[in-house]
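All remarks here apply to the structure that follows.
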Amino acid sequence: MLTALFDERTASPLPCKSDRKKIMPDKESARAAWRSVTPVNSAAPQWGKAAEKLRNLQEYRDAATVFAAPGKALLQARINCLVDGKNLIMPAPSIRDGFFLVPAHRVSFKDLSAAVTYKGLEKYGQLLKNNTMPGLSVRLLLTDSLAVDPGGGRLGDGKGYFDLCCALLQELCALQQDRAVFTFILEEQISRDPLPQDTWDIKMSGAVTPGRIIMFDPPVQKPAILWDLLTMDRIRRIDPLWKLYSLRNKKLP
C-alpha cells in the first residue's frame, strides 16, 4: 500500500514523473538512467523544506536518537535534530572508524552547521566503541537516495554504506525494534516501477520530499551482516566490522 500525506494529512495518488522509467536488469543500469534525469545538485534550497516536513512526522517526534547519513541533502535535518534535543549518530567517513555521537544540547547554536559535517565530527562528536553501542536505541534512520519505488525499494550511490551501517547498528544492538527508515528525495526521483534490489538492501518506511511525506508499507526487515559477501579488504578497512569479524572467528570451533 502507498499513501501520500500532505499538510492536511489527506491521501493522494502517487504522481508519476517517471513513466519512462522501467525496471532495469541491474543496479548500474538503473543508476545510470536515474543520474541522467535527476538534478540532485540543484536541489539544495529545497532540502530545508524537506527538513521542516520531517519535523511533522510522528516517528521523528518520538525519536530521542537519530541516525543520519552524511549527505548534503540531510544537512538541515541533522542540524534540526540537535536543535530539537535529539542525539545524533553519524558514520565516520567510509565508516572507517565506526560511528560518532553528537549529543543533544552539547553544541552551541553558532557551531551547529559545522558539528554535523565530517570535518566537525572529531571536534564536536564522540567516537563510539563497539561496547558502547548497545542501548543507544536508535529510533529513526535517515538517508538520501538516487531513487525510491512504491514498495520502499531504494537506489543509493552504489557503495553500500547505508545498508552496511544499518547492519552494523543491528549487530551492535543499537537499533530499536520499532525503528523507522526514511529517505529524502525529490518528486522526480520517485519511480513508478520496482527498482532492482539485492538481499542486503534496506527498504524505506517512507520518503520525505520538499512538499510532502510519502508512507510505504515495506516488509519487516532485520538487517544483518552478510559476511560471505564482504571482501577481507573491506572488512579490514572498517574498524567496527573488523572487530566483530575477529570476535566472531574466536567463537568459531
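Convention: chains lettered A, B, ... in C-alpha cells order; per-chain residue numbering from 1; ligands numbered from 1 as shown.
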DSSP on the backbone: what in stretch 13-170 of chain A comes out strand (DSSP E or B), as a list in words? Thr65, Val66, Phe67, Ala68, Asn87, Leu88, Ile89, Met90, Pro91, Phe99, Phe100, Leu101, Val102, Gln126, Leu127, Leu128, Val138, Arg139, Leu140, Leu141, Leu142, Thr143, Asp144, Ala147, Val148, Arg154 and Leu155 of chain A
Could I get the residues of stretch 56-80 of chain A with an atom no further than 6 Å from an atom of stretch 127-144 of chain A, each paired with its nearest atom pair and that distance in Å to one decimal, using only C-alpha atoms, sorted by chain and residue number, as a tab-separated table?
```
residue	atom	partner	partner_atom	distance
A:Ala63	CA	A:Arg139	CA	5.2
A:Thr65	CA	A:Val138	CA	5.0
A:Val66	CA	A:Leu140	CA	5.0
A:Phe67	CA	A:Leu141	CA	4.7
A:Ala68	CA	A:Leu142	CA	4.6
A:Ala69	CA	A:Thr143	CA	5.1
```
Of the listed residues A:Val83, A:Leu155, A:Leu121, A:Ala51, that which approaches A:Trp34 most closely, counting only C-alpha atoms: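 Ranking A:Val83, A:Leu155, A:Leu121, A:Ala51 by distance to A:Trp34, first place goes to A:Leu155.
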Could you check which of A:Phe216, A:Phe162, A:Trp200, A:Phe184 is closest to A:Ser145, using only C-alpha atoms?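 Closest residue, counting only C-alpha atoms: A:Phe184.
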Using only C-alpha atoms, which of the listed residues (A:Thr209, A:Gln76, A:Gln197, A:Asn249) sits closest to A:Lys27? A:Gln197
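Nearest to A:Thr183 of all the residues A:Leu82, A:Ala207, A:Leu146, A:Met90 is A:Ala207, counting only C-alpha atoms.
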Using only C-alpha atoms, which residues sit within 10 Å of A:Asp26 once same-chain residues fewer than 2 positions away are excluded, as number ranges by chain? A: 23-24, 28-31, 195-198
Between A:Asp239, A:Glu171, A:Asp111, A:Asp178, which residue has the minimum interatomic distance to A:Leu226, considering only C-alpha atoms? A:Glu171
Here is a test: counting only C-alpha atoms, which residue of A:Pro210, A:Pro240, A:Gly160, A:Gly151 is nearest to A:Leu172?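 Selected residue with least distance to A:Leu172: A:Pro240.
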Excluding A:Ala92 and residues on its chain fewer than 6 positions from it, collect all residues at most 10 Å away from it, counting only C-alpha atoms, and give them as number ranges by chain. A: 69-70, 98-100, 117-119, 121-122, 127, 238
Report the distance between atom CA of A:Ile235 and atom CA of A:Leu101 in Å, rounded to one decimal place.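 Pair atom CA of A:Ile235 / atom CA of A:Leu101 returns 22.2 Å.
Between atom CA of A:Pro45 and atom CA of A:Cys166 the separation is 28.2 Å.
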Atom pair atom CA of A:Ser191 + atom CA of A:Leu74, distance 20.8 Å
Please identify the helix (DSSP H, G or I) residues within stretch 8-235 of chain A (assignment by DSSP from backbone atoms) and present them as a PyMOL selection string. chain A and resi 27-35+40-54+58-62+72-83+93-95+109-115+118-124+130-132+161-171+187-189+227-229+232-235
Just want the 10 Å neighbourhood of A:Gly206, counted on only C-alpha atoms, with same-chain residues fewer than 5 positions away dropped. Output as a list in words. Leu2, Thr3, Ala4, Val148, Pro150, Gly151, Gly152, Gly153, Ala180, Val181, Phe182, Thr183, Phe184, Ile213, Ile214, Met215, Phe216, Asp217 and Pro218 of chain A
Only C-alpha atoms, please: the residues just picked out, written as a PDB file, in the first residue's frame.
```pdb
ATOM      1  CA  LEU A   2       1.185   3.515  -0.769  1.00  0.00           C
ATOM      2  CA  THR A   3      -0.130   6.664   0.836  1.00  0.00           C
ATOM      3  CA  ALA A   4       0.882  10.245   0.192  1.00  0.00           C
ATOM      4  CA  VAL A 148      12.888   5.177  -4.482  1.00  0.00           C
ATOM      5  CA  PRO A 150       6.407   2.496  -4.190  1.00  0.00           C
ATOM      6  CA  GLY A 151       7.484  -0.587  -2.228  1.00  0.00           C
ATOM      7  CA  GLY A 152      10.162   1.331  -0.347  1.00  0.00           C
ATOM      8  CA  GLY A 153      12.953  -0.024  -2.535  1.00  0.00           C
ATOM      9  CA  ALA A 180      11.668   3.653  11.008  1.00  0.00           C
ATOM     10  CA  VAL A 181      13.813   4.412   7.958  1.00  0.00           C
ATOM     11  CA  PHE A 182      13.158   7.463   5.780  1.00  0.00           C
ATOM     12  CA  THR A 183      14.842   8.892   2.718  1.00  0.00           C
ATOM     13  CA  PHE A 184      14.960  12.486   1.495  1.00  0.00           C
ATOM     14  CA  ILE A 213       5.654  12.909   3.232  1.00  0.00           C
ATOM     15  CA  ILE A 214       5.032   9.573   1.498  1.00  0.00           C
ATOM     16  CA  MET A 215       4.494   6.443   3.573  1.00  0.00           C
ATOM     17  CA  PHE A 216       5.356   2.981   2.259  1.00  0.00           C
ATOM     18  CA  ASP A 217       4.432  -0.437   3.610  1.00  0.00           C
ATOM     19  CA  PRO A 218       7.674  -2.427   3.370  1.00  0.00           C
TER      20      PRO A 218
END
```
Tell me, as a count of residues only, which residues lie within 12 Å of A:Trp227, counting only C-alpha atoms; anything in the same chain fewer than 6 positions away does not count. 13
